[in-house]
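Participant: Got a file for you: start39.txt, compact mmCIF, C-alpha atoms.
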# COMPACT_ATOMS: atom_id res chain seq x y z
CA MET A 30 -25.24 0.59 6.36
CA HIS A 31 -21.60 -0.41 6.47
CA MET A 32 -19.89 -3.27 4.69
CA SER A 33 -17.43 -4.87 7.07
CA ILE A 34 -14.35 -6.25 5.31
CA GLY A 35 -12.49 -8.94 7.24
CA VAL A 36 -8.84 -8.68 6.16
CA VAL A 37 -6.92 -11.87 6.91
CA LEU A 38 -3.39 -11.46 8.31
CA PHE A 39 -0.73 -14.13 8.82
CA PRO A 40 3.04 -13.93 9.40
CA ASP A 41 4.86 -12.82 6.23
CA PHE A 42 1.85 -11.32 4.47
CA GLU A 43 2.70 -9.05 1.53
CA ILE A 44 2.19 -5.51 2.74
CA LEU A 45 0.75 -3.90 -0.41
CA ASP A 46 -1.65 -6.83 -0.94
CA VAL A 47 -3.34 -5.67 2.25
CA PHE A 48 -2.99 -1.91 2.21
CA GLY A 49 -3.38 -1.18 -1.51
CA PRO A 50 -7.00 -2.41 -1.53
CA ILE A 51 -7.67 -0.81 1.87
CA GLU A 52 -6.50 2.55 0.51
CA MET A 53 -8.84 2.37 -2.48
CA LEU A 54 -11.87 1.03 -0.60
CA GLY A 55 -11.13 3.37 2.29
CA MET A 56 -11.79 6.39 0.08
CA HIS A 57 -15.46 5.54 0.67
CA PRO A 58 -15.78 5.26 4.44
CA GLU A 59 -19.52 5.81 4.06
CA LEU A 60 -19.65 2.15 2.97
CA PHE A 61 -16.46 0.24 3.74
CA GLU A 62 -14.91 -0.49 7.12
CA PHE A 63 -12.07 -2.89 7.92
CA ARG A 64 -11.38 -5.47 10.60
CA MET A 65 -8.03 -7.22 10.66
CA VAL A 66 -8.35 -10.91 11.58
CA ALA A 67 -5.68 -13.54 12.27
CA GLU A 68 -5.44 -16.97 13.83
CA ALA A 69 -4.53 -15.21 17.08
CA ARG A 70 -5.05 -11.48 17.69
CA GLY A 71 -2.03 -9.22 18.16
CA ALA A 72 0.84 -7.87 16.10
CA ILE A 73 1.54 -9.71 12.83
CA ALA A 74 4.76 -9.04 10.89
CA SER A 75 4.64 -8.53 7.13
CA VAL A 76 7.25 -9.92 4.72
CA GLN A 77 8.69 -6.40 4.64
CA GLY A 78 9.02 -6.19 8.42
CA PRO A 79 6.42 -3.68 9.67
CA LYS A 80 3.85 -5.16 12.03
CA CYS A 81 0.11 -4.61 11.95
CA LEU A 82 -2.47 -5.35 14.58
CA ALA A 83 -5.13 -8.02 14.20
CA GLU A 84 -8.06 -7.09 16.42
CA ASP A 85 -10.10 -10.25 15.71
CA GLU A 86 -9.06 -13.89 15.85
CA PHE A 87 -10.40 -17.03 14.24
CA GLY A 88 -12.25 -18.16 17.38
CA ASP A 89 -14.30 -14.94 17.54
CA SER A 90 -17.81 -14.80 16.16
CA VAL A 91 -17.47 -11.43 14.38
CA ALA A 92 -19.56 -11.24 11.19
CA TYR A 93 -17.98 -9.93 7.99
CA ASP A 94 -19.72 -8.92 4.77
CA ALA A 95 -16.60 -9.61 2.70
CA ILE A 96 -13.25 -11.31 3.22
CA LEU A 97 -9.94 -10.19 1.71
CA VAL A 98 -7.09 -12.72 1.58
CA PRO A 99 -3.64 -11.29 0.78
CA GLY A 100 -0.65 -13.16 -0.58
CA GLY A 101 2.97 -13.11 0.44
CA GLN A 102 5.69 -15.58 1.36
CA GLY A 103 3.59 -16.71 4.33
CA THR A 104 1.06 -18.41 2.04
CA ARG A 105 3.67 -21.18 1.51
CA ARG A 106 3.16 -22.11 5.15
CA GLU A 107 -0.53 -21.20 5.46
CA VAL A 108 -1.69 -23.62 2.73
CA ASN A 109 -0.68 -26.30 5.23
CA ASN A 110 -2.23 -24.58 8.24
CA ARG A 111 -5.44 -26.46 8.98
CA SER A 112 -6.83 -23.62 11.13
CA MET A 113 -6.45 -21.15 8.29
CA VAL A 114 -7.88 -23.42 5.59
CA GLU A 115 -10.85 -24.51 7.72
CA TRP A 116 -11.60 -20.95 8.82
CA LEU A 117 -11.64 -19.80 5.20
CA ARG A 118 -13.80 -22.73 4.08
CA HIS A 119 -16.32 -22.07 6.86
CA ARG A 120 -16.36 -18.26 6.90
CA THR A 121 -16.54 -17.67 3.17
CA ARG A 122 -19.92 -19.47 3.19
CA GLN A 123 -21.23 -16.75 5.50
CA THR A 124 -19.95 -13.65 3.68
CA GLN A 125 -21.50 -11.92 0.70
CA PHE A 126 -18.17 -11.43 -1.11
CA VAL A 127 -14.79 -13.16 -1.18
CA THR A 128 -11.67 -11.47 -2.50
CA SER A 129 -7.98 -12.33 -2.79
CA VAL A 130 -4.81 -10.62 -3.96
CA CYS A 131 -1.77 -12.38 -5.44
CA THR A 132 -0.99 -15.79 -3.87
CA GLY A 133 -3.89 -15.34 -1.44
CA ALA A 134 -5.79 -17.31 -4.10
CA ALA A 135 -3.78 -20.41 -3.11
CA LEU A 136 -5.43 -20.33 0.33
CA LEU A 137 -8.92 -19.93 -1.13
CA ALA A 138 -8.17 -22.71 -3.65
CA LYS A 139 -6.93 -25.04 -0.91
CA ALA A 140 -10.13 -24.36 1.03
CA GLY A 141 -12.20 -25.35 -2.04
CA VAL A 142 -13.76 -21.89 -2.25
CA LEU A 143 -12.78 -21.44 -5.90
CA ASP A 144 -13.87 -24.87 -7.19
CA GLY A 145 -15.66 -24.50 -10.51
CA ARG A 146 -15.08 -20.74 -10.50
CA LYS A 147 -12.91 -18.49 -12.65
CA ALA A 148 -9.97 -17.03 -10.76
CA THR A 149 -6.50 -15.60 -11.22
CA THR A 150 -3.36 -15.03 -9.17
CA ASN A 151 0.10 -13.57 -9.63
CA LYS A 152 2.17 -14.50 -12.61
CA MET A 153 5.55 -15.35 -11.08
CA ASN A 154 4.06 -18.12 -8.91
CA PHE A 155 1.10 -19.02 -11.09
CA ASP A 156 1.86 -22.75 -11.32
CA TRP A 157 2.40 -23.11 -7.59
CA VAL A 158 -0.91 -21.43 -6.81
CA ALA A 159 -2.80 -23.35 -9.51
CA SER A 160 -1.51 -26.66 -8.07
CA HIS A 161 -3.69 -26.04 -4.99
CA GLY A 162 -6.90 -25.88 -7.00
CA PRO A 163 -7.17 -28.50 -9.76
CA ARG A 164 -10.90 -27.80 -10.14
CA VAL A 165 -10.51 -24.03 -10.40
CA LEU A 166 -10.98 -22.40 -13.81
CA TRP A 167 -7.66 -20.52 -13.67
CA GLN A 168 -7.32 -17.48 -15.94
CA HIS A 169 -3.67 -16.80 -16.76
CA ASP A 170 -4.09 -13.53 -18.65
CA ALA A 171 -6.15 -11.34 -16.37
CA ARG A 172 -5.40 -8.32 -14.20
CA TRP A 173 -8.26 -9.49 -12.01
CA VAL A 174 -11.26 -11.81 -12.36
CA GLU A 175 -14.84 -11.33 -11.16
CA ASP A 176 -16.93 -14.49 -10.98
CA GLY A 177 -20.18 -13.63 -9.28
CA ASN A 178 -19.35 -12.82 -5.66
CA ILE A 179 -15.67 -13.82 -5.96
CA PHE A 180 -12.99 -11.29 -6.94
CA THR A 181 -9.41 -12.53 -7.36
CA SER A 182 -6.51 -10.39 -8.50
CA SER A 183 -3.14 -10.88 -10.08
CA GLY A 184 0.06 -9.96 -8.21
CA VAL A 185 0.43 -7.31 -5.49
CA SER A 186 -0.43 -4.02 -7.27
CA ALA A 187 -3.32 -5.64 -9.12
CA GLY A 188 -5.17 -5.68 -5.81
CA MET A 189 -5.68 -1.92 -6.14
CA ASP A 190 -7.28 -2.32 -9.58
CA MET A 191 -9.51 -5.10 -8.30
CA ALA A 192 -10.50 -2.99 -5.29
CA LEU A 193 -11.55 -0.16 -7.60
CA ALA A 194 -13.63 -2.64 -9.59
CA PHE A 195 -15.24 -3.68 -6.31
CA VAL A 196 -15.97 -0.02 -5.50
CA SER A 197 -17.49 0.28 -8.96
CA ARG A 198 -19.72 -2.77 -8.38
CA MET A 199 -20.89 -1.48 -5.00
CA LEU A 200 -21.14 2.27 -5.55
CA GLY A 201 -20.89 2.84 -9.31
CA GLU A 202 -18.12 3.75 -11.70
CA LYS A 203 -17.99 7.43 -10.68
CA ALA A 204 -17.22 6.42 -7.09
CA ALA A 205 -14.30 4.27 -8.30
CA GLU A 206 -13.03 7.09 -10.51
CA ASP A 207 -13.19 9.49 -7.57
CA ALA A 208 -11.25 7.08 -5.33
CA ALA A 209 -8.53 6.75 -7.98
CA LEU A 210 -8.37 10.53 -8.43
CA TRP A 211 -8.09 11.20 -4.69
CA ALA A 212 -5.31 8.60 -4.45
CA GLU A 213 -3.66 10.02 -7.60
CA TYR A 214 -3.76 6.48 -8.96
CA THR A 215 -4.01 5.64 -12.66
CA TRP A 216 -6.62 2.93 -12.49
CA HIS A 217 -5.91 -0.04 -14.77
CA ARG A 218 -9.56 -0.43 -15.73
CA ASP A 219 -9.58 -3.35 -18.15
CA ALA A 220 -9.55 -6.64 -16.25
CA ALA A 221 -8.62 -8.56 -19.41
CA VAL A 222 -5.42 -6.62 -20.14
CA ASP A 223 -2.53 -8.11 -18.18
CA PRO A 224 0.89 -6.71 -19.10
CA PHE A 225 2.60 -8.95 -16.54
CA ALA A 226 1.25 -12.20 -17.99
CA ARG A 227 3.06 -11.17 -21.18
CA ALA A 228 6.16 -9.99 -19.31
CA TRP A 229 6.63 -13.32 -17.53
CA ARG A 230 5.93 -15.37 -20.64
CA ALA A 231 8.63 -13.39 -22.47
CA ARG A 232 11.32 -14.31 -19.92
CA MET B 5 25.49 -2.78 4.50
CA HIS B 6 21.87 -1.93 5.15
CA MET B 7 20.10 1.37 4.69
CA SER B 8 17.77 1.90 7.62
CA ILE B 9 14.62 3.83 6.67
CA GLY B 10 12.88 5.54 9.58
CA VAL B 11 9.19 5.68 8.65
CA VAL B 12 7.33 8.32 10.65
CA LEU B 13 3.86 7.37 11.93
CA PHE B 14 1.24 9.60 13.55
CA PRO B 15 -2.49 9.17 14.17
CA ASP B 16 -4.47 9.36 10.91
CA PHE B 17 -1.55 8.70 8.58
CA GLU B 18 -2.55 7.73 5.02
CA ILE B 19 -2.03 4.00 4.76
CA LEU B 20 -0.75 3.75 1.16
CA ASP B 21 1.66 6.67 1.70
CA VAL B 22 3.48 4.39 4.12
CA PHE B 23 3.09 0.94 2.64
CA GLY B 24 3.31 1.72 -1.09
CA PRO B 25 6.94 2.88 -0.78
CA ILE B 26 7.74 0.09 1.69
CA GLU B 27 6.49 -2.49 -0.82
CA MET B 28 8.69 -1.14 -3.60
CA LEU B 29 11.82 -0.62 -1.48
CA GLY B 30 11.19 -3.90 0.32
CA MET B 31 11.72 -5.81 -2.93
CA HIS B 32 15.41 -5.24 -2.23
CA PRO B 33 15.90 -6.44 1.35
CA GLU B 34 19.61 -6.76 0.62
CA LEU B 35 19.74 -2.97 1.03
CA PHE B 36 16.59 -1.52 2.62
CA GLU B 37 15.21 -2.17 6.09
CA PHE B 38 12.43 -0.31 7.87
CA ARG B 39 11.88 1.02 11.37
CA MET B 40 8.57 2.59 12.27
CA VAL B 41 8.98 5.62 14.52
CA ALA B 42 6.35 7.77 16.28
CA GLU B 43 6.20 10.34 19.06
CA ALA B 44 5.41 7.44 21.41
CA ARG B 45 5.93 3.79 20.51
CA GLY B 46 2.93 1.47 20.19
CA ALA B 47 -0.06 1.01 17.91
CA ILE B 48 -0.88 3.96 15.64
CA ALA B 49 -4.18 4.08 13.74
CA SER B 50 -4.24 5.06 10.06
CA VAL B 51 -6.95 7.25 8.50
CA GLN B 52 -8.39 4.01 7.13
CA GLY B 53 -8.57 2.36 10.56
CA PRO B 54 -5.95 -0.41 10.62
CA LYS B 55 -3.27 0.06 13.26
CA CYS B 56 0.46 -0.38 12.79
CA LEU B 57 3.17 -0.69 15.39
CA ALA B 58 5.83 1.94 15.96
CA GLU B 59 8.84 0.24 17.51
CA ASP B 60 10.89 3.45 18.00
CA GLU B 61 9.88 6.73 19.58
CA PHE B 62 11.17 10.28 19.25
CA GLY B 63 13.18 10.11 22.49
CA ASP B 64 15.19 7.11 21.28
CA SER B 65 18.65 7.53 19.80
CA VAL B 66 18.17 5.12 16.90
CA ALA B 67 20.13 6.19 13.80
CA TYR B 68 18.41 6.22 10.41
CA ASP B 69 19.99 6.55 6.98
CA ALA B 70 16.80 7.97 5.49
CA ILE B 71 13.48 9.27 6.76
CA LEU B 72 10.10 8.81 5.09
CA VAL B 73 7.26 11.17 6.07
CA PRO B 74 3.78 10.13 4.92
CA GLY B 75 0.75 12.37 4.52
CA GLY B 76 -2.82 11.89 5.60
CA GLN B 77 -5.47 13.78 7.53
CA GLY B 78 -3.24 13.71 10.62
CA THR B 79 -0.80 16.18 9.04
CA ARG B 80 -3.39 18.92 9.76
CA ARG B 81 -2.71 18.37 13.45
CA GLU B 82 0.97 17.42 13.21
CA VAL B 83 2.04 20.73 11.58
CA ASN B 84 1.17 22.25 14.97
CA ASN B 85 2.82 19.49 17.01
CA ARG B 86 6.09 20.95 18.27
CA SER B 87 7.54 17.51 19.09
CA MET B 88 7.02 16.33 15.53
CA VAL B 89 8.34 19.48 13.86
CA GLU B 90 11.42 19.70 16.12
CA TRP B 91 12.19 15.99 15.72
CA LEU B 92 12.05 16.33 11.92
CA ARG B 93 14.18 19.48 11.94
CA HIS B 94 16.82 17.82 14.13
CA ARG B 95 16.81 14.29 12.70
CA THR B 96 16.83 15.20 9.03
CA ARG B 97 20.22 16.88 9.59
CA GLN B 98 21.60 13.49 10.60
CA THR B 99 20.22 11.34 7.80
CA GLN B 100 21.60 10.90 4.33
CA PHE B 101 18.20 11.11 2.60
CA VAL B 102 14.84 12.70 3.37
CA THR B 103 11.63 11.63 1.62
CA SER B 104 7.95 12.52 1.84
CA VAL B 105 4.72 11.38 0.26
CA CYS B 106 1.63 13.53 -0.30
CA THR B 107 0.96 16.06 2.50
CA GLY B 108 3.96 14.75 4.43
CA ALA B 109 5.77 17.59 2.67
CA ALA B 110 3.83 20.05 4.88
CA LEU B 111 5.63 18.66 7.94
CA LEU B 112 9.05 18.89 6.29
CA ALA B 113 8.23 22.42 5.08
CA LYS B 114 7.12 23.50 8.56
CA ALA B 115 10.41 22.15 9.94
CA GLY B 116 12.33 24.26 7.41
CA VAL B 117 13.85 21.17 5.81
CA LEU B 118 12.70 22.15 2.32
CA ASP B 119 13.78 25.83 2.40
CA GLY B 120 15.42 26.79 -0.88
CA ARG B 121 14.80 23.31 -2.29
CA LYS B 122 12.52 22.06 -5.04
CA ALA B 123 9.64 19.95 -3.76
CA THR B 124 6.13 18.79 -4.57
CA THR B 125 3.09 17.44 -2.77
CA ASN B 126 -0.40 16.25 -3.61
CA LYS B 127 -2.60 18.23 -5.90
CA MET B 128 -5.90 18.38 -4.00
CA ASN B 129 -4.28 20.13 -1.01
CA PHE B 130 -1.41 21.83 -2.79
CA ASP B 131 -2.14 25.36 -1.53
CA TRP B 132 -2.53 24.25 2.08
CA VAL B 133 0.81 22.41 1.99
CA ALA B 134 2.60 25.24 0.18
CA SER B 135 1.41 27.73 2.83
CA HIS B 136 3.72 25.98 5.33
CA GLY B 137 6.86 26.64 3.28
CA PRO B 138 7.02 30.12 1.74
CA ARG B 139 10.73 29.65 0.95
CA VAL B 140 10.25 26.25 -0.74
CA LEU B 141 10.56 26.09 -4.53
CA TRP B 142 7.23 24.29 -4.97
CA GLN B 143 6.77 22.37 -8.23
CA HIS B 144 3.08 22.02 -9.09
CA ASP B 145 3.37 19.76 -12.12
CA ALA B 146 5.51 16.85 -10.95
CA ARG B 147 4.84 13.24 -10.10
CA TRP B 148 7.79 13.49 -7.74
CA VAL B 149 10.81 15.78 -7.30
CA GLU B 150 14.44 14.90 -6.55
CA ASP B 151 16.57 17.77 -5.27
CA GLY B 152 19.87 16.32 -4.16
CA ASN B 153 19.18 14.18 -1.10
CA ILE B 154 15.52 15.18 -0.83
CA PHE B 155 12.77 13.21 -2.59
CA THR B 156 9.18 14.50 -2.34
CA SER B 157 6.22 12.94 -4.10
CA SER B 158 2.79 13.98 -5.20
CA GLY B 159 -0.33 12.36 -3.69
CA VAL B 160 -0.63 8.87 -2.22
CA SER B 161 0.13 6.53 -5.16
CA ALA B 162 2.97 8.77 -6.37
CA GLY B 163 4.96 7.54 -3.38
CA MET B 164 5.41 4.21 -5.17
CA ASP B 165 6.86 5.92 -8.25
CA MET B 166 9.16 8.00 -6.07
CA ALA B 167 10.27 4.91 -4.17
CA LEU B 168 11.18 3.20 -7.45
CA ALA B 169 13.21 6.28 -8.41
CA PHE B 170 14.96 5.96 -5.05
CA VAL B 171 15.70 2.29 -5.75
CA SER B 172 17.07 3.37 -9.12
CA ARG B 173 19.33 5.97 -7.50
CA MET B 174 20.66 3.49 -4.94
CA LEU B 175 20.83 0.25 -6.92
CA GLY B 176 20.42 1.18 -10.57
CA GLU B 177 17.54 1.24 -13.01
CA LYS B 178 17.41 -2.54 -13.50
CA ALA B 179 16.81 -3.01 -9.76
CA ALA B 180 13.86 -0.60 -9.92
CA GLU B 181 12.47 -2.35 -13.00
CA ASP B 182 12.74 -5.70 -11.22
CA ALA B 183 10.93 -4.35 -8.15
CA ALA B 184 8.08 -3.04 -10.33
CA LEU B 185 7.89 -6.36 -12.22
CA TRP B 186 7.77 -8.43 -9.02
CA ALA B 187 5.03 -6.16 -7.67
CA GLU B 188 3.22 -6.26 -11.05
CA TYR B 189 3.29 -2.47 -10.93
CA THR B 190 3.38 -0.26 -14.03
CA TRP B 191 6.03 2.21 -12.93
CA HIS B 192 5.23 5.80 -13.85
CA ARG B 193 8.86 6.58 -14.73
CA ASP B 194 8.79 10.22 -15.83
CA ALA B 195 8.87 12.51 -12.80
CA ALA B 196 7.82 15.49 -14.93
CA VAL B 197 4.57 13.95 -16.21
CA ASP B 198 1.79 14.54 -13.71
CA PRO B 199 -1.68 13.58 -14.95
CA PHE B 200 -3.25 14.64 -11.65
CA ALA B 201 -1.94 18.21 -11.78
CA ARG B 202 -3.91 18.48 -15.03
CA ALA B 203 -6.92 16.65 -13.64
CA TRP B 204 -7.28 19.01 -10.69
CA ARG B 205 -6.73 22.11 -12.79
CA ALA B 206 -9.50 20.96 -15.12
CA ARG B 207 -12.09 20.78 -12.31
Let me see the file written as structure tokens.
Facilitator:
Amino acid sequence: MHMSIGVVLFPDFEILDVFGPIEMLGMHPELFEFRMVAEARGAIASVQGPKCLAEDEFGDSVAYDAILVPGGQGTRREVNNRSMVEWLRHRTRQTQFVTSVCTGAALLAKAGVLDGRKATTNKMNFDWVASHGPRVLWQHDARWVEDGNIFTSSGVSAGMDMALAFVSRMLGEKAAEDAALWAEYTWHRDAAVDPFARAWRAR
Amino acid sequence: MHMSIGVVLFPDFEILDVFGPIEMLGMHPELFEFRMVAEARGAIASVQGPKCLAEDEFGDSVAYDAILVPGGQGTRREVNNRSMVEWLRHRTRQTQFVTSVCTGAALLAKAGVLDGRKATTNKMNFDWVASHGPRVLWQHDARWVEDGNIFTSSGVSAGMDMALAFVSRMLGEKAAEDAALWAEYTWHRDAAVDPFARAWRAR
């Protein structure tokens, strides 16, 4: 059995929000596989410039077991993109898990997916993201948050820690530890410890 | 002035080796810009599956200020790809800086670029990489190594730490600290401390 992760791309997505989690999950190809999905298939440029290919588009009827929504400058536009918000609202009802990294939580919040649920997002733009989900139980001090089937992470790099927690949930802690070892990554294992919440508050 | 980084892609490149450094360097777009280059332009699939676009190809005469060579399963094939090895040997003489992540060092070693220089690579495949550069001064216990204009990093995630060191060299330590803060990344700042060298030795 494979778990198909639909990774949402849009112009000006943050590149590590997408590929950090894919690296960690991808250490276990016996379970996880990835499909890149955008409003229209084709090459999508990241904030940083490099372009990645979306093989699926919103009109397709591909089934995903989980959805990953990255952040990035493009979320400022996408919160007002009806196609994006409606697709997320509709599709997240059909998937087993929903995940976001950084300001990707703004898109899930706008789609109502996080209503009544605990969630977090990045610290630099926390207030902007939170403004899109007045009924969300926002957690300021958290590296990532798990609320049932919804995983949301803090900014950029936190997506890797969240992804390892997702590996742990699916395959056990040893599998997450192995993924971190193979990637030579020091896993930040405690979801409640958020050095960047403190760092931003201190500024 | 911009510093153009030529990022080498090949089939089965490791996705975080490429996009971890790009994330960290990309926090300073006032200096760094990226061009993806491959033997033939077009979509190149990572080990993990997602495809990225190479806009330049080896026959082009695009000038780069620095070259970044990622690792990944594909390096096993690319060490025997004459086009790749010759391109690296020739092009690295024309660029100000040369960098590699993980097993990307095997390609630089095979091209003779690291002869007489200190370098490192990932820990799981250290012996395989080292076998391609008998005249390289391999450093086993190092998160990354700077030898003049050559930066080589340990496995996968170490590329982000090396990239921050490169930011520090180019723009100063505060610029690297800012990049890490914006990416909510806990920068592993000491090149000499390598927890994964110990971890692999202990197995």
Participant: For chain B, which residues have at least one atom within 7 Å of chain A, if we go by only C-alpha atoms? Write them as a list in words, please.
Facilitator: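 So the contacting residues turn out to be Ile19, Leu20, Phe23, Gly24, Glu27, Gly30, Phe38, Gln52, Gly53, Lys55, Cys56, Leu57, Gly159, Val160, Ser161, Ala162, Ala187, Glu188, Tyr189 and Phe200 of chain B.
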Participant: Based on the selection just made, write C-alpha atoms of those residues as an mmCIF file, in the coordinates of the input.
Facilitator:
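The resulting file, again.cif, is shown below:
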data_model
loop_
_atom_site.group_PDB
_atom_site.id
_atom_site.type_symbol
_atom_site.label_atom_id
_atom_site.label_comp_id
_atom_site.auth_asym_id
_atom_site.auth_seq_id
_atom_site.Cartn_x
_atom_site.Cartn_y
_atom_site.Cartn_z
ATOM 1 C CA ILE B 19 -2.030 4.000 4.760
ATOM 2 C CA LEU B 20 -0.750 3.750 1.160
ATOM 3 C CA PHE B 23 3.090 0.940 2.640
ATOM 4 C CA GLY B 24 3.310 1.720 -1.090
ATOM 5 C CA GLU B 27 6.490 -2.490 -0.820
ATOM 6 C CA GLY B 30 11.190 -3.900 0.320
ATOM 7 C CA PHE B 38 12.430 -0.310 7.870
ATOM 8 C CA GLN B 52 -8.390 4.010 7.130
ATOM 9 C CA GLY B 53 -8.570 2.360 10.560
ATOM 10 C CA LYS B 55 -3.270 0.060 13.260
ATOM 11 C CA CYS B 56 0.460 -0.380 12.790
ATOM 12 C CA LEU B 57 3.170 -0.690 15.390
ATOM 13 C CA GLY B 159 -0.330 12.360 -3.690
ATOM 14 C CA VAL B 160 -0.630 8.870 -2.220
ATOM 15 C CA SER B 161 0.130 6.530 -5.160
ATOM 16 C CA ALA B 162 2.970 8.770 -6.370
ATOM 17 C CA ALA B 187 5.030 -6.160 -7.670
ATOM 18 C CA GLU B 188 3.220 -6.260 -11.050
ATOM 19 C CA TYR B 189 3.290 -2.470 -10.930
ATOM 20 C CA PHE B 200 -3.250 14.640 -11.650
#
Participant: Name all residues at most 12 Å from Arg122 (chain A) (count only C-alpha atoms; drop same-chain ones fewer than 4 positions away) and give them as a compact mmCIF listing (two decimals) with C-alpha atoms, in the frame of the given file.
Facilitator:
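result-v1.txt, freshly written:
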# COMPACT_ATOMS: atom_id res chain seq x y z
CA ALA A 92 -19.56 -11.24 11.19
CA TYR A 93 -17.98 -9.93 7.99
CA ASP A 94 -19.72 -8.92 4.77
CA ALA A 95 -16.60 -9.61 2.70
CA ILE A 96 -13.25 -11.31 3.22
CA GLU A 115 -10.85 -24.51 7.72
CA TRP A 116 -11.60 -20.95 8.82
CA LEU A 117 -11.64 -19.80 5.20
CA ARG A 118 -13.80 -22.73 4.08
CA PHE A 126 -18.17 -11.43 -1.11
CA VAL A 127 -14.79 -13.16 -1.18
CA LEU A 137 -8.92 -19.93 -1.13
CA ALA A 140 -10.13 -24.36 1.03
CA GLY A 141 -12.20 -25.35 -2.04
CA VAL A 142 -13.76 -21.89 -2.25
CA LEU A 143 -12.78 -21.44 -5.90
CA ASN A 178 -19.35 -12.82 -5.66
CA ILE A 179 -15.67 -13.82 -5.96
Participant: For CA of Ser172 (chain B) and CA of Thr125 (chain B), determine how far apart the two atoms are, in Å to one decimal place.
Facilitator: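 Answer for the CA of Ser172 (chain B) to CA of Thr125 (chain B) separation: 20.8 Å.
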Participant: Tell me, as an mmCIF file with C-alpha atoms, in the frame of the given file, which residues lie within 6 Å of Phe42 (chain A), counting only C-alpha atoms; anything in the same chain fewer than 2 positions away does not count.
Facilitator:
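Output below, filename part_11.cif:
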data_model
loop_
_atom_site.group_PDB
_atom_site.id
_atom_site.type_symbol
_atom_site.label_atom_id
_atom_site.label_comp_id
_atom_site.auth_asym_id
_atom_site.auth_seq_id
_atom_site.Cartn_x
_atom_site.Cartn_y
_atom_site.Cartn_z
ATOM 1 C CA PHE A 39 -0.730 -14.130 8.820
ATOM 2 C CA PRO A 40 3.040 -13.930 9.400
ATOM 3 C CA SER A 75 4.640 -8.530 7.130
ATOM 4 C CA VAL A 76 7.250 -9.920 4.720
ATOM 5 C CA GLY A 100 -0.650 -13.160 -0.580
ATOM 6 C CA GLY A 101 2.970 -13.110 0.440
ATOM 7 C CA GLY A 103 3.590 -16.710 4.330
#
Participant: Using all atoms listed in the file, pick whichever of A:Gln125, A:Ile34, A:Asp144, A:Ala69 has the shortest atom-to-atom distance to Leu97 (chain A).
Facilitator: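 Of A:Gln125, A:Ile34, A:Asp144, A:Ala69, the one nearest Leu97 (chain A), counting all atoms listed in the file, is A:Ile34.
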